[in-house]
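Read the structure below first, then the notes.
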Amino acid sequence: MAETAHPMPLDKRRRKSQAPSPPVAARHRLSLWQRIKRDRVMLLLTLPGLLYFVVFHYIPLLGYMVAFQDYQPYLGYMHSAWTGFANFSSAFADPAFWSATVNTVEIAFVQLIFFFPVPIALALLLNSIVSDRLRRFIQSVVYLPHFIGWVIIVSIFQQVLGGAGLLPDLLADLGLPRYDMMSDPNAFPWLIALQSIWKDAGWGTIIILAALLGIDKQQYEAAAIDGASRWRRLWHVTLPGIAPVIILLLILNLGQILSVGFEQILLQRDAVGPGSGEVLDTYVYYHGIKDNQWGISAAVGLVKAVVGTVLVLGANKFAHRLGHEGVYRGADS
C-alpha cells in the first residue's frame, strides 16, 4: 500500500502562501544581448544618427584639453605644455570677456522674452485658419526667410533701417530727424531679436504645429458642448496640450543661451562697436583664434558648455517638480 504524504503543517502552508512572488518584470526581464537581438532593426535605423553625434559632437569634446594647455598647432595635443587653469584666469581677468558676457546675456534675454513666444503665437494663428490652401500659402511665406543666408538678411535690414535706408529717408521727408538703427548700440539687442523673428519664427512653428495635431479633437468637441468659448478652449485645451513641447523647447533654448548667433552678430559688430556688439562667440574669434590664443578660446568655449549644461539640468529638474517630463525623466520616475 502506497504511503500517503504527510500534510504540510498549517503555519508552514500559511507562510508559503503569504510569501511574496517575484514581480512580473523581474520574471520576464531580458538580458542585454536578448534586447539587442529583439530590437536589432530599430538599432540599425538609429545607427547613422548615433554615428553622426559620436563623430561630430562627442569626439570633438576631446579638444577641450586645449583649455588646459599652452597649445601650439605645430606641437599638437601631446607635446603642448600643460598650464592648468591659467587660460581661465587670463580670460576672467580680461575686461573684454566680461563685457562680451554682459552683451551675450542681454541679447539672449531679449530673444528669450520676445522671440521665443512668436512661433507659438504664429502656430496658433495658422492652426485657426479654416482654409487649407490659405494655410499652406501662409506657411510657405513665413518659412521662406529661414532659407536665406544672414548676409542677405543683414543687407535687407541695412537697406531698410540703415543710414541711407528707407526708414531714415521717410523720417526726413516727414521733417523728423534721421535715425540709423543699424548703428545704434542701444538698439542692437532689439535689432538682433527682430532679425531672428523675421528669419526663423516661421520655421519654429513646425514643432508647435505638430504638437497641435496631437491634441484629441474630442476634447474640443466636449468643451464646445459644455459651452466653452474659443478663448476658453484655447486656454484649457490647446495650451495644456502643447505645454510639454513648449517646456521642452524652453529648456533646450536655455542650454544655448550663451550662443546668440555668431554669423549674424559678426556681420554687424563693427557697425555698433565692440562695446555693444561683442558677444562670447565673437570674443572667441577675435581674441582667441585671430590672436592665436587657442587656450583662451577653448577655455571660454568650455565655460559656455558648462553653463549651458547646468541650465538644462536645473530647468529639467524644475520641470519635473511642476509635473512635466522635460527633456528626460529619470529612471526612478
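Following the order of the C-alpha cells, first chain is A, next is B, and so on, with residues numbered from 1 inside each chain and ligands from 1 in the order they appear.
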
Distance query region 192-207 of chain A at most 6 Å, only C-alpha atoms, self and fewer than 5 positions along chain excluded, as number ranges by chain: A: 111, 115, 119, 123, 142-143, 145-146

Would you save the residues of that selection, restricted to C-alpha atoms, as a compact mmCIF listing (two decimals), in the first residue's frame?
# COMPACT_ATOMS: atom_id res chain seq x y z
CA GLN A 111 15.49 86.93 -27.63
CA PHE A 115 11.47 85.74 -29.94
CA PRO A 119 6.50 80.83 -33.13
CA ALA A 123 1.40 78.39 -34.93
CA VAL A 142 6.72 82.55 -43.33
CA TYR A 143 9.06 79.57 -43.86
CA PRO A 145 13.21 83.58 -44.78
CA HIS A 146 14.72 80.61 -42.93

When DSSP is applied to the backbone of this structure, which of region 60-198 of chain A are assigned alpha helix (DSSP H)? Write them out as a ChimeraX atom specification. /A:76-79,86-92,95-110,117-127,132-143,150-161,166-173,188-198

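Across the structure, CA of Arg136 (chain A) and CA of Gly214 (chain A) are spaced 18.8 Å apart.
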
May I have the residues within 12 Å of Tyr286 (chain A) as a PyMOL selection string, using only C-alpha atoms and disregarding those fewer than 3 positions away in the same chain? chain A and resi 96-97+100+262+266+269+274+278-283+289-294+296-297

Go ahead and save the picked residues with N, CA and C atoms, as a PDB file, in the first residue's frame.
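Result file follows (selection_39.pdb):
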ATOM      1  N   ALA A  96      37.324  92.679 -21.477  1.00  0.00           N
ATOM      2  CA  ALA A  96      36.569  92.432 -22.701  1.00  0.00           C
ATOM      3  C   ALA A  96      35.730  91.162 -22.595  1.00  0.00           C
ATOM      4  N   PHE A  97      36.216  90.192 -21.827  1.00  0.00           N
ATOM      5  CA  PHE A  97      35.445  88.957 -21.637  1.00  0.00           C
ATOM      6  C   PHE A  97      34.148  89.244 -20.889  1.00  0.00           C
ATOM      7  N   ALA A 100      31.746  91.126 -23.098  1.00  0.00           N
ATOM      8  CA  ALA A 100      31.103  90.211 -24.034  1.00  0.00           C
ATOM      9  C   ALA A 100      30.063  89.345 -23.342  1.00  0.00           C
ATOM     10  N   PHE A 262      26.623  83.541 -34.132  1.00  0.00           N
ATOM     11  CA  PHE A 262      27.946  84.070 -34.472  1.00  0.00           C
ATOM     12  C   PHE A 262      27.936  84.864 -35.774  1.00  0.00           C
ATOM     13  N   LEU A 266      28.563  88.815 -36.120  1.00  0.00           N
ATOM     14  CA  LEU A 266      29.847  89.155 -36.724  1.00  0.00           C
ATOM     15  C   LEU A 266      29.674  90.148 -37.866  1.00  0.00           C
ATOM     16  N   ARG A 269      28.881  93.634 -36.001  1.00  0.00           N
ATOM     17  CA  ARG A 269      29.661  94.037 -34.822  1.00  0.00           C
ATOM     18  C   ARG A 269      30.357  95.373 -35.031  1.00  0.00           C
ATOM     19  N   PRO A 274      32.678  97.178 -30.629  1.00  0.00           N
ATOM     20  CA  PRO A 274      32.820  96.014 -29.739  1.00  0.00           C
ATOM     21  C   PRO A 274      32.151  96.195 -28.377  1.00  0.00           C
ATOM     22  N   GLU A 278      30.098  93.012 -29.158  1.00  0.00           N
ATOM     23  CA  GLU A 278      30.941  91.852 -28.850  1.00  0.00           C
ATOM     24  C   GLU A 278      30.179  90.879 -27.969  1.00  0.00           C
ATOM     25  N   VAL A 279      30.080  89.626 -28.406  1.00  0.00           N
ATOM     26  CA  VAL A 279      29.497  88.552 -27.617  1.00  0.00           C
ATOM     27  C   VAL A 279      30.553  87.473 -27.437  1.00  0.00           C
ATOM     28  N   LEU A 280      30.220  86.434 -26.706  1.00  0.00           N
ATOM     29  CA  LEU A 280      31.224  85.413 -26.398  1.00  0.00           C
ATOM     30  C   LEU A 280      31.737  84.716 -27.652  1.00  0.00           C
ATOM     31  N   ASP A 281      30.862  84.495 -28.629  1.00  0.00           N
ATOM     32  CA  ASP A 281      31.298  83.835 -29.851  1.00  0.00           C
ATOM     33  C   ASP A 281      32.294  84.700 -30.625  1.00  0.00           C
ATOM     34  N   THR A 282      31.999  85.985 -30.758  1.00  0.00           N
ATOM     35  CA  THR A 282      32.933  86.858 -31.457  1.00  0.00           C
ATOM     36  C   THR A 282      34.182  87.115 -30.611  1.00  0.00           C
ATOM     37  N   TYR A 283      34.054  87.086 -29.296  1.00  0.00           N
ATOM     38  CA  TYR A 283      35.244  87.212 -28.428  1.00  0.00           C
ATOM     39  C   TYR A 283      36.196  86.054 -28.670  1.00  0.00           C
ATOM     40  N   ILE A 289      41.087  82.964 -31.706  1.00  0.00           N
ATOM     41  CA  ILE A 289      41.561  82.367 -32.954  1.00  0.00           C
ATOM     42  C   ILE A 289      42.436  83.342 -33.736  1.00  0.00           C
ATOM     43  N   LYS A 290      41.992  84.595 -33.930  1.00  0.00           N
ATOM     44  CA  LYS A 290      42.776  85.532 -34.728  1.00  0.00           C
ATOM     45  C   LYS A 290      44.083  85.907 -34.040  1.00  0.00           C
ATOM     46  N   ASP A 291      44.101  85.943 -32.711  1.00  0.00           N
ATOM     47  CA  ASP A 291      45.321  86.259 -31.969  1.00  0.00           C
ATOM     48  C   ASP A 291      46.123  85.016 -31.598  1.00  0.00           C
ATOM     49  N   ASN A 292      45.691  83.858 -32.122  1.00  0.00           N
ATOM     50  CA  ASN A 292      46.394  82.588 -31.857  1.00  0.00           C
ATOM     51  C   ASN A 292      46.423  82.220 -30.380  1.00  0.00           C
ATOM     52  N   GLN A 293      45.437  82.670 -29.614  1.00  0.00           N
ATOM     53  CA  GLN A 293      45.320  82.275 -28.207  1.00  0.00           C
ATOM     54  C   GLN A 293      44.317  81.128 -28.118  1.00  0.00           C
ATOM     55  N   TRP A 294      44.772  79.977 -28.559  1.00  0.00           N
ATOM     56  CA  TRP A 294      43.883  78.825 -28.669  1.00  0.00           C
ATOM     57  C   TRP A 294      43.383  78.372 -27.299  1.00  0.00           C
ATOM     58  N   ILE A 296      42.779  80.170 -24.599  1.00  0.00           N
ATOM     59  CA  ILE A 296      41.730  81.051 -24.084  1.00  0.00           C
ATOM     60  C   ILE A 296      40.415  80.800 -24.804  1.00  0.00           C
ATOM     61  N   SER A 297      40.463  80.631 -26.126  1.00  0.00           N
ATOM     62  CA  SER A 297      39.229  80.356 -26.868  1.00  0.00           C
ATOM     63  C   SER A 297      38.598  79.045 -26.419  1.00  0.00           C
TER      64      SER A 297
END

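For the pair CA of Phe92 (chain A) and CA of Tyr285 (chain A), the interatomic distance is 16.5 Å.
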
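Atom pair CA of Ile120 (chain A) / CA of Phe53 (chain A): separated by 28.6 Å.
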
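Comparing the minimum interatomic distances between Leu322 (chain A) and each of A:Val54, A:Val300, A:Ala243, A:Met42, counting only C-alpha atoms, we find that A:Ala243 sits nearest.
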
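Comparing A:Trp231, A:Leu124, A:Leu252, A:Ala67 by their smallest distance to Ala91 (chain A), the closest is A:Ala67 (using only C-alpha atoms).
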
Contacts of Ile246 (chain A) within 12 Å, only C-alpha atoms, excl. fewer than 4 positions in-chain, as a CSV table (one decimal) with all heavy atoms, in the first residue's frame:
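Written output follows (part-v1.csv):
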chain,number,residue,atom,x,y,z
A,116,PHE,N,11.0,83.9,-28.4
A,116,PHE,CA,10.5,82.5,-28.1
A,116,PHE,C,9.0,82.4,-28.2
A,116,PHE,O,8.5,81.4,-28.8
A,116,PHE,CB,11.0,82.1,-26.7
A,116,PHE,CG,10.5,80.8,-26.3
A,116,PHE,CD1,11.2,79.6,-26.8
A,116,PHE,CD2,9.5,80.6,-25.4
A,116,PHE,CE1,10.8,78.4,-26.4
A,116,PHE,CE2,9.1,79.3,-25.1
A,116,PHE,CZ,9.7,78.2,-25.5
A,117,PRO,N,8.2,83.4,-27.8
A,117,PRO,CA,6.7,83.2,-27.9
A,117,PRO,C,6.2,83.4,-29.3
A,117,PRO,O,5.0,83.0,-29.6
A,117,PRO,CB,6.1,84.3,-27.0
A,117,PRO,CG,7.3,84.8,-26.2
A,117,PRO,CD,8.5,84.6,-27.0
A,118,VAL,N,7.0,84.0,-30.2
A,118,VAL,CA,6.4,84.3,-31.5
A,118,VAL,C,6.1,83.1,-32.3
A,118,VAL,O,5.0,83.0,-32.9
A,118,VAL,CB,7.4,85.2,-32.3
A,118,VAL,CG1,7.0,85.4,-33.8
A,118,VAL,CG2,7.5,86.6,-31.6
A,119,PRO,N,6.9,82.0,-32.4
A,119,PRO,CA,6.5,80.8,-33.1
A,119,PRO,C,5.3,80.2,-32.5
A,119,PRO,O,4.4,79.6,-33.3
A,119,PRO,CB,7.7,79.9,-33.0
A,119,PRO,CG,8.9,80.8,-32.8
A,119,PRO,CD,8.3,81.9,-32.0
A,120,ILE,N,5.1,80.2,-31.2
A,120,ILE,CA,3.9,79.7,-30.6
A,120,ILE,C,2.7,80.4,-31.0
A,120,ILE,O,1.7,79.8,-31.4
A,120,ILE,CB,4.1,79.7,-29.1
A,120,ILE,CG1,5.3,78.9,-28.7
A,120,ILE,CG2,2.8,79.1,-28.4
A,120,ILE,CD1,5.7,79.0,-27.2
A,121,ALA,N,2.7,81.7,-31.0
A,121,ALA,CA,1.6,82.5,-31.4
A,121,ALA,C,1.3,82.3,-32.9
A,121,ALA,O,0.1,82.2,-33.3
A,121,ALA,CB,1.8,84.0,-31.0
A,123,ALA,N,2.0,79.7,-34.7
A,123,ALA,CA,1.4,78.4,-34.9
A,123,ALA,C,-0.1,78.3,-34.5
A,123,ALA,O,-0.9,77.7,-35.2
A,123,ALA,CB,2.2,77.3,-34.1
A,204,GLY,N,10.2,77.9,-36.8
A,204,GLY,CA,10.0,77.4,-35.4
A,204,GLY,C,8.5,77.0,-35.2
A,204,GLY,O,8.3,76.3,-34.2
A,205,THR,N,7.6,77.3,-36.1
A,205,THR,CA,6.2,76.9,-35.9
A,205,THR,C,6.0,75.4,-36.2
A,205,THR,O,5.0,74.8,-35.9
A,205,THR,CB,5.3,77.7,-36.8
A,205,THR,OG1,5.6,77.5,-38.1
A,205,THR,CG2,5.4,79.2,-36.4
A,207,ILE,N,7.4,72.6,-35.1
A,207,ILE,CA,7.2,71.7,-34.0
A,207,ILE,C,5.9,72.0,-33.3
A,207,ILE,O,5.2,71.0,-32.8
A,207,ILE,CB,8.4,71.8,-33.0
A,207,ILE,CG1,9.7,71.4,-33.8
A,207,ILE,CG2,8.2,71.0,-31.8
A,207,ILE,CD1,11.0,71.6,-32.9
A,208,ILE,N,5.5,73.2,-33.1
A,208,ILE,CA,4.3,73.6,-32.4
A,208,ILE,C,3.1,73.1,-33.2
A,208,ILE,O,2.1,72.6,-32.6
A,208,ILE,CB,4.2,75.1,-32.2
A,208,ILE,CG1,5.5,75.6,-31.5
A,208,ILE,CG2,3.0,75.5,-31.4
A,208,ILE,CD1,5.7,75.0,-30.1
A,209,LEU,N,3.1,73.2,-34.5
A,209,LEU,CA,2.0,72.7,-35.3
A,209,LEU,C,1.9,71.2,-35.2
A,209,LEU,O,0.8,70.6,-35.2
A,209,LEU,CB,2.2,73.1,-36.8
A,209,LEU,CG,2.0,74.6,-37.1
A,209,LEU,CD1,2.4,74.9,-38.6
A,209,LEU,CD2,0.5,75.0,-36.9
A,210,ALA,N,3.0,70.5,-35.2
A,210,ALA,CA,3.0,69.0,-35.0
A,210,ALA,C,2.4,68.7,-33.6
A,210,ALA,O,1.6,67.7,-33.5
A,210,ALA,CB,4.4,68.5,-35.1
A,211,ALA,N,2.7,69.5,-32.6
A,211,ALA,CA,2.1,69.2,-31.3
A,211,ALA,C,0.6,69.5,-31.3
A,211,ALA,O,-0.2,68.8,-30.6
A,211,ALA,CB,2.8,70.1,-30.2
A,212,LEU,N,0.2,70.5,-32.0
A,212,LEU,CA,-1.2,70.8,-32.1
A,212,LEU,C,-2.0,69.7,-32.8
A,212,LEU,O,-3.2,69.4,-32.4
A,212,LEU,CB,-1.5,72.1,-32.9
A,212,LEU,CG,-1.0,73.4,-32.2
A,212,LEU,CD1,-1.1,74.6,-33.1
A,212,LEU,CD2,-1.9,73.6,-30.9
A,238,THR,N,-6.0,73.8,-25.7
A,238,THR,CA,-4.9,73.9,-26.6
A,238,THR,C,-3.5,74.1,-25.8
A,238,THR,O,-2.6,73.3,-26.1
A,238,THR,CB,-5.1,75.1,-27.6
A,238,THR,OG1,-6.3,74.9,-28.3
A,238,THR,CG2,-3.9,75.1,-28.6
A,239,LEU,N,-3.5,75.1,-25.0
A,239,LEU,CA,-2.2,75.4,-24.3
A,239,LEU,C,-1.8,74.2,-23.4
A,239,LEU,O,-0.6,73.9,-23.4
A,239,LEU,CB,-2.4,76.7,-23.5
A,239,LEU,CG,-2.5,77.9,-24.3
A,239,LEU,CD1,-2.6,79.2,-23.4
A,239,LEU,CD2,-1.3,78.1,-25.3
A,240,PRO,N,-2.7,73.6,-22.6
A,240,PRO,CA,-2.2,72.4,-21.9
A,240,PRO,C,-1.7,71.3,-22.8
A,240,PRO,O,-0.9,70.5,-22.4
A,240,PRO,CB,-3.4,72.0,-21.0
A,240,PRO,CG,-4.2,73.2,-20.9
A,240,PRO,CD,-4.0,74.0,-22.2
A,241,GLY,N,-2.3,71.1,-24.0
A,241,GLY,CA,-1.9,70.1,-24.9
A,241,GLY,C,-0.5,70.3,-25.4
A,241,GLY,O,0.2,69.3,-25.7
A,242,ILE,N,-0.1,71.5,-25.6
A,242,ILE,CA,1.2,71.8,-26.2
A,242,ILE,C,2.2,72.2,-25.1
A,242,ILE,O,3.4,72.5,-25.4
A,242,ILE,CB,1.2,72.8,-27.3
A,242,ILE,CG1,0.7,74.2,-26.7
A,242,ILE,CG2,0.3,72.4,-28.4
A,242,ILE,CD1,0.7,75.3,-27.8
A,250,LEU,N,11.8,75.3,-24.4
A,250,LEU,CA,12.4,76.3,-23.5
A,250,LEU,C,13.6,75.8,-22.8
A,250,LEU,O,14.6,76.6,-22.7
A,250,LEU,CB,11.3,76.7,-22.4
A,250,LEU,CG,11.7,77.8,-21.4
A,250,LEU,CD1,12.1,79.1,-22.1
A,250,LEU,CD2,10.6,78.0,-20.4
A,251,ILE,N,13.6,74.6,-22.4
A,251,ILE,CA,14.8,74.0,-21.7
A,251,ILE,C,16.0,73.9,-22.7
A,251,ILE,O,17.1,74.3,-22.4
A,251,ILE,CB,14.5,72.6,-21.1
A,251,ILE,CG1,13.5,72.8,-20.0
A,251,ILE,CG2,15.7,72.0,-20.6
A,251,ILE,CD1,13.0,71.5,-19.5
A,252,LEU,N,15.7,73.5,-23.9
A,252,LEU,CA,16.7,73.4,-24.9
A,252,LEU,C,17.3,74.8,-25.3
A,252,LEU,O,18.5,75.0,-25.5
A,252,LEU,CB,16.2,72.7,-26.2
A,252,LEU,CG,15.8,71.3,-26.0
A,252,LEU,CD1,15.3,70.7,-27.3
A,252,LEU,CD2,17.0,70.4,-25.5
A,253,ASN,N,16.4,75.8,-25.3
A,253,ASN,CA,16.9,77.2,-25.6
A,253,ASN,C,17.8,77.7,-24.5
A,253,ASN,O,18.7,78.5,-24.7
A,253,ASN,CB,15.7,78.1,-25.8
A,253,ASN,CG,15.1,77.9,-27.2
A,253,ASN,OD1,15.7,77.4,-28.1
A,253,ASN,ND2,13.9,78.4,-27.3
A,319,ALA,N,11.2,71.4,-14.2
A,319,ALA,CA,10.0,70.9,-14.9
A,319,ALA,C,9.5,69.7,-14.3
A,319,ALA,O,8.3,69.5,-14.2
A,319,ALA,CB,10.4,70.7,-16.4
A,324,HIS,N,6.0,67.9,-15.3
A,324,HIS,CA,6.2,67.7,-16.7
A,324,HIS,C,7.4,66.8,-16.9
A,324,HIS,O,8.3,66.7,-16.1
A,324,HIS,CB,6.4,69.1,-17.4
A,324,HIS,CG,5.2,70.0,-17.4
A,324,HIS,ND1,4.1,69.8,-18.2
A,324,HIS,CD2,4.9,71.0,-16.6
A,324,HIS,CE1,3.2,70.7,-18.0
A,324,HIS,NE2,3.7,71.5,-17.0
A,325,GLU,N,7.5,66.3,-18.1
A,325,GLU,CA,8.6,65.4,-18.5
A,325,GLU,C,9.9,66.1,-18.7
A,325,GLU,O,10.9,65.6,-18.3
A,325,GLU,CB,8.2,64.6,-19.7
A,325,GLU,CG,7.1,63.6,-19.6
A,325,GLU,CD,7.5,62.4,-18.8
A,325,GLU,OE1,8.7,62.1,-18.7
A,325,GLU,OE2,6.6,61.7,-18.1
A,326,GLY,N,9.9,67.3,-19.3
A,326,GLY,CA,11.1,68.0,-19.5
A,326,GLY,C,11.8,67.3,-20.7
A,326,GLY,O,11.2,66.7,-21.6
A,327,VAL,N,13.2,67.4,-20.7
A,327,VAL,CA,14.0,66.8,-21.7
A,327,VAL,C,14.1,65.3,-21.5
A,327,VAL,O,14.0,64.5,-22.5
A,327,VAL,CB,15.4,67.4,-21.7
A,327,VAL,CG1,16.3,66.7,-22.8
A,327,VAL,CG2,15.3,68.9,-22.0

DSSP-assigned strand (DSSP E or B) among region 34-283 of chain A, expressed as a PyMOL selection string: chain A and resi 69-70+81-82

Quick one: residues within 12 Å of Leu62 (chain A), only C-alpha atoms, excluding same-chain residues fewer than 6 positions away - as a PDB file with all heavy atoms, in the first residue's frame?
ATOM      1  N   VAL A  54      28.430  60.880 -32.508  1.00  0.00           N
ATOM      2  CA  VAL A  54      29.716  60.436 -31.984  1.00  0.00           C
ATOM      3  C   VAL A  54      30.864  61.142 -32.709  1.00  0.00           C
ATOM      4  O   VAL A  54      31.805  61.647 -32.081  1.00  0.00           O
ATOM      5  CB  VAL A  54      29.850  58.903 -32.108  1.00  0.00           C
ATOM      6  CG1 VAL A  54      31.277  58.468 -31.816  1.00  0.00           C
ATOM      7  CG2 VAL A  54      28.901  58.212 -31.148  1.00  0.00           C
ATOM      8  N   VAL A  55      30.783  61.211 -34.039  1.00  0.00           N
ATOM      9  CA  VAL A  55      31.885  61.758 -34.830  1.00  0.00           C
ATOM     10  C   VAL A  55      31.959  63.281 -34.720  1.00  0.00           C
ATOM     11  O   VAL A  55      33.049  63.848 -34.566  1.00  0.00           O
ATOM     12  CB  VAL A  55      31.745  61.329 -36.305  1.00  0.00           C
ATOM     13  CG1 VAL A  55      32.785  62.032 -37.173  1.00  0.00           C
ATOM     14  CG2 VAL A  55      31.904  59.819 -36.428  1.00  0.00           C
ATOM     15  N   PHE A  56      30.820  63.959 -34.756  1.00  0.00           N
ATOM     16  CA  PHE A  56      30.826  65.414 -34.848  1.00  0.00           C
ATOM     17  C   PHE A  56      30.530  66.112 -33.520  1.00  0.00           C
ATOM     18  O   PHE A  56      30.663  67.350 -33.449  1.00  0.00           O
ATOM     19  CB  PHE A  56      29.812  65.882 -35.896  1.00  0.00           C
ATOM     20  CG  PHE A  56      30.172  65.473 -37.292  1.00  0.00           C
ATOM     21  CD1 PHE A  56      29.541  64.398 -37.894  1.00  0.00           C
ATOM     22  CD2 PHE A  56      31.155  66.139 -37.997  1.00  0.00           C
ATOM     23  CE1 PHE A  56      29.857  64.015 -39.182  1.00  0.00           C
ATOM     24  CE2 PHE A  56      31.487  65.763 -39.283  1.00  0.00           C
ATOM     25  CZ  PHE A  56      30.845  64.692 -39.878  1.00  0.00           C
ATOM     26  N   PHE A  68      43.402  73.658 -21.134  1.00  0.00           N
ATOM     27  CA  PHE A  68      44.345  73.477 -20.035  1.00  0.00           C
ATOM     28  C   PHE A  68      45.787  73.406 -20.547  1.00  0.00           C
ATOM     29  O   PHE A  68      46.666  72.937 -19.831  1.00  0.00           O
ATOM     30  CB  PHE A  68      44.011  72.196 -19.270  1.00  0.00           C
ATOM     31  CG  PHE A  68      42.592  72.138 -18.792  1.00  0.00           C
ATOM     32  CD1 PHE A  68      41.619  71.484 -19.543  1.00  0.00           C
ATOM     33  CD2 PHE A  68      42.217  72.753 -17.605  1.00  0.00           C
ATOM     34  CE1 PHE A  68      40.306  71.440 -19.106  1.00  0.00           C
ATOM     35  CE2 PHE A  68      40.907  72.713 -17.172  1.00  0.00           C
ATOM     36  CZ  PHE A  68      39.944  72.046 -17.920  1.00  0.00           C
ATOM     37  N   TYR A  77      48.485  68.168 -29.547  1.00  0.00           N
ATOM     38  CA  TYR A  77      47.943  67.993 -28.203  1.00  0.00           C
ATOM     39  C   TYR A  77      48.958  67.361 -27.253  1.00  0.00           C
ATOM     40  O   TYR A  77      49.062  67.737 -26.086  1.00  0.00           O
ATOM     41  CB  TYR A  77      46.689  67.102 -28.238  1.00  0.00           C
ATOM     42  CG  TYR A  77      45.535  67.682 -29.018  1.00  0.00           C
ATOM     43  CD1 TYR A  77      45.142  67.121 -30.225  1.00  0.00           C
ATOM     44  CD2 TYR A  77      44.843  68.793 -28.551  1.00  0.00           C
ATOM     45  CE1 TYR A  77      44.084  67.650 -30.951  1.00  0.00           C
ATOM     46  CE2 TYR A  77      43.783  69.328 -29.265  1.00  0.00           C
ATOM     47  CZ  TYR A  77      43.413  68.750 -30.468  1.00  0.00           C
ATOM     48  OH  TYR A  77      42.378  69.276 -31.175  1.00  0.00           O
ATOM     49  N   ALA A 298      39.421  78.010 -26.187  1.00  0.00           N
ATOM     50  CA  ALA A 298      38.878  76.738 -25.708  1.00  0.00           C
ATOM     51  C   ALA A 298      38.330  76.869 -24.295  1.00  0.00           C
ATOM     52  O   ALA A 298      37.319  76.247 -23.952  1.00  0.00           O
ATOM     53  CB  ALA A 298      39.948  75.655 -25.761  1.00  0.00           C
ATOM     54  N   LEU A 302      34.562  76.094 -23.157  1.00  0.00           N
ATOM     55  CA  LEU A 302      34.247  75.137 -22.091  1.00  0.00           C
ATOM     56  C   LEU A 302      33.342  75.770 -21.044  1.00  0.00           C
ATOM     57  O   LEU A 302      32.428  75.114 -20.522  1.00  0.00           O
ATOM     58  CB  LEU A 302      35.536  74.640 -21.455  1.00  0.00           C
ATOM     59  CG  LEU A 302      35.398  73.575 -20.363  1.00  0.00           C
ATOM     60  CD1 LEU A 302      34.655  72.352 -20.890  1.00  0.00           C
ATOM     61  CD2 LEU A 302      36.768  73.174 -19.824  1.00  0.00           C
TER      62      LEU A 302
END

Show which residues sit within 10 Å of Gly277 (chain A), as a VMD selection string. Count only C-alpha atoms, and ignore same-chain residues fewer than 5 positions away. chain A and resid 99 to 100 103 to 104 107 185 188 to 189 265 to 272 282 to 283
